[in-house]
Amino acid sequence: MGTTSGRTAPFRSVRHALRVLEIIAGHPDGLRDDELARAAALPPGQLAHLLRMLRREGYVRQLADGAYAAGHALVLLGSAADRRRLRQEKLQQALDALRDSLNAAVYLARYADGELEVTLTSDAPQTPMVNEWVDFRAAAHATAIGKCLLSQLDHDGRQDHLSRHRAARLTSRTITDQRVLLSALDRQPATMPVLDLQEYAVGTLCAAVPLTAGSTAGCLALSLPIDQGHRLRVAAEALNRQAAPTLLSLAL
């Protein structure tokens, strides 16, 4: 009898672990260990052992309040929609932290299928976003985001974009001469932030740094009101330093 019990113990542990994961997956806000113990009908000691194992393998994570929620490994076992949601949540958290660190609105953008696309933003009442008074897709020539993305394209790619989006004058500082714009893009150092000094909107300053993965052109940007212009270069340098590979892998 003892031998049979010994042989079946690992299978019971697997069943218990799967039951715990099933319960946790159904509670995205997390559950306390006592709630888990009741729901899984497991003694606290056995549950604690399972939770340690599941945390070690990344199937479960412990939240700040002590509750347990689905970990990265468990989410990856879910649907593609679950994986996209997790990626989006992590990326938003990273952008929010960057916004607070820089004390500026931040933007994530990419160039896909011949168009500029702002994929995610993070702002707050004290760090408002730029008023998009002209569609960013049509204003790549005048924004830090647009110029950063265009600088990552080859000559033919830039020419193609500018042939479809005429460089209109948005402020007195906007570069509308295509030859001057292309020359400026050619001279832009790949490791330096691209600046927009009231070229898109009067009263707004922006900076963008490239996030490139393979053939995908992307960038991370920030904006500041003109009365905080003294902070622009320092903020741009901090943005460049904090555009970490982990953020890049989430972004593109």
# chains A, B, ... in the order shown; residues from 1 in each chain; ligands from 1

$ residues_around --residues "stretch 201-207 of chain A" --least-positions-apart "4" --cutoff "6 Å" --atoms "only C-alpha atoms" --output "list in words"
Ala144, Val194, Leu195, Asp196, Leu197, Ala221, Leu222, Ser223, Leu224, Pro225, Ile226 and Ala236 of chain A

$ residues_around --residues "A:Cys219" --least-positions-apart "4" --cutoff "7 Å" --atoms "only C-alpha atoms" --output "ChimeraX atom specification"
/A:108-110,145,148-149,208-211

$ write_last_selection --atoms "C-alpha atoms" --output "PDB file, in the first residue's frame"
ATOM      1  CA  LEU A 108       6.393  54.775 -29.199  1.00  0.00           C
ATOM      2  CA  ALA A 109       6.229  54.708 -32.983  1.00  0.00           C
ATOM      3  CA  ARG A 110       7.243  52.588 -35.950  1.00  0.00           C
ATOM      4  CA  ILE A 145       9.265  60.996 -34.548  1.00  0.00           C
ATOM      5  CA  CYS A 148      13.842  59.711 -36.697  1.00  0.00           C
ATOM      6  CA  LEU A 149      11.909  57.060 -38.619  1.00  0.00           C
ATOM      7  CA  ALA A 208      13.217  60.976 -30.624  1.00  0.00           C
ATOM      8  CA  VAL A 209      15.723  58.122 -30.517  1.00  0.00           C
ATOM      9  CA  PRO A 210      15.772  55.107 -32.852  1.00  0.00           C
ATOM     10  CA  LEU A 211      14.635  51.609 -31.920  1.00  0.00           C
TER      11      LEU A 211
END

$ closest_residue --among "A:His72, A:Gly218, A:Leu47, A:Asp227" --to "A:Arg87" --atoms "only C-alpha atoms"
A:His72

$ select_by_dssp --residues "stretch 15-180 of chain A" --states "strand (DSSP E or B)" --output "compact mmCIF listing (two decimals) with N, CA and C atoms, in the first residue's frame"
# COMPACT_ATOMS: atom_id res chain seq x y z
N LEU A 31 -4.91 36.13 -6.16
CA LEU A 31 -5.55 35.54 -4.99
C LEU A 31 -4.53 35.40 -3.87
N VAL A 60 3.87 31.32 -11.88
CA VAL A 60 3.14 32.14 -10.91
C VAL A 60 4.04 33.28 -10.49
N ARG A 61 3.46 34.45 -10.24
CA ARG A 61 4.21 35.58 -9.71
C ARG A 61 3.47 36.13 -8.50
N GLN A 62 4.22 36.72 -7.60
CA GLN A 62 3.62 37.29 -6.39
C GLN A 62 3.54 38.80 -6.55
N TYR A 68 -1.15 36.07 -5.38
CA TYR A 68 -0.50 35.32 -6.46
C TYR A 68 -1.32 35.47 -7.75
N ALA A 69 -0.59 35.70 -8.86
CA ALA A 69 -1.23 35.87 -10.16
C ALA A 69 -0.45 35.08 -11.21
N ALA A 70 -1.02 34.99 -12.40
CA ALA A 70 -0.37 34.24 -13.48
C ALA A 70 0.97 34.85 -13.83
N ALA A 105 5.76 63.62 -21.56
CA ALA A 105 4.97 62.66 -22.32
C ALA A 105 5.90 61.86 -23.23
N VAL A 106 5.62 60.56 -23.37
CA VAL A 106 6.47 59.72 -24.23
C VAL A 106 5.61 59.00 -25.27
N TYR A 107 6.26 58.66 -26.37
CA TYR A 107 5.58 58.08 -27.52
C TYR A 107 6.42 56.92 -28.07
N LEU A 108 5.75 55.88 -28.52
CA LEU A 108 6.39 54.77 -29.20
C LEU A 108 5.83 54.72 -30.61
N ALA A 109 6.70 54.68 -31.60
CA ALA A 109 6.23 54.71 -32.98
C ALA A 109 7.07 53.77 -33.84
N ARG A 110 6.52 53.42 -35.00
CA ARG A 110 7.24 52.59 -35.95
C ARG A 110 6.85 52.99 -37.36
N TYR A 111 7.64 52.55 -38.31
CA TYR A 111 7.35 52.79 -39.72
C TYR A 111 7.02 51.44 -40.33
N ALA A 112 5.76 51.26 -40.73
CA ALA A 112 5.31 49.97 -41.26
C ALA A 112 4.42 50.18 -42.46
N GLU A 115 4.05 53.74 -43.85
CA GLU A 115 3.43 54.81 -43.08
C GLU A 115 3.99 54.86 -41.66
N LEU A 116 3.99 56.07 -41.11
CA LEU A 116 4.33 56.29 -39.71
C LEU A 116 3.15 55.88 -38.84
N GLU A 117 3.42 55.19 -37.76
CA GLU A 117 2.36 54.76 -36.85
C GLU A 117 2.80 54.94 -35.41
N VAL A 118 2.08 55.78 -34.66
CA VAL A 118 2.31 55.92 -33.23
C VAL A 118 1.52 54.80 -32.55
N THR A 119 2.23 53.85 -31.99
CA THR A 119 1.57 52.64 -31.48
C THR A 119 1.15 52.74 -30.02
N LEU A 120 1.84 53.57 -29.25
CA LEU A 120 1.51 53.67 -27.83
C LEU A 120 2.04 54.99 -27.29
N THR A 121 1.32 55.55 -26.32
CA THR A 121 1.74 56.79 -25.70
C THR A 121 1.56 56.69 -24.19
N SER A 122 2.20 57.59 -23.47
CA SER A 122 2.00 57.69 -22.03
C SER A 122 2.08 59.16 -21.65
N ALA A 124 0.24 62.33 -18.75
CA ALA A 124 -0.43 62.60 -17.48
C ALA A 124 -0.84 64.06 -17.49
N THR A 127 2.04 66.19 -17.66
CA THR A 127 2.89 65.94 -18.83
C THR A 127 2.00 65.63 -20.03

$ select_by_dssp --residues "stretch 92-212 of chain A" --states "helix (DSSP H, G or I)" --output "PyMOL selection string"
chain A and resi 92-102+136-138+144-150+155-164+178-187

$ closest_residue --among "A:Leu18, A:Ala235, A:Gln228, A:Leu181" --to "A:Asp100" --atoms "only C-alpha atoms"
A:Ala235

$ atom_distance --atom1 "atom CA of A:Arg179" --atom2 "atom CA of A:Ala138"
18.0 Å

$ residues_around --residues "stretch 35-46 of chain A" --least-positions-apart "4" --cutoff "10 Å" --atoms "only C-alpha atoms" --output "list of chain:residue names"
A:Ser13, A:His16, A:Ala17, A:Leu18, A:Arg19, A:Val20, A:Leu21, A:Glu22, A:Ile23, A:Ile24, A:Gly30, A:Leu31, A:Leu50, A:Leu51, A:Ala67, A:Tyr68

$ atom_distance --atom1 "atom CA of A:Gln159" --atom2 "atom CA of A:Ala139"
14.6 Å

$ atom_distance --atom1 "atom CA of A:Ala25" --atom2 "atom CA of A:Asp65"
17.7 Å
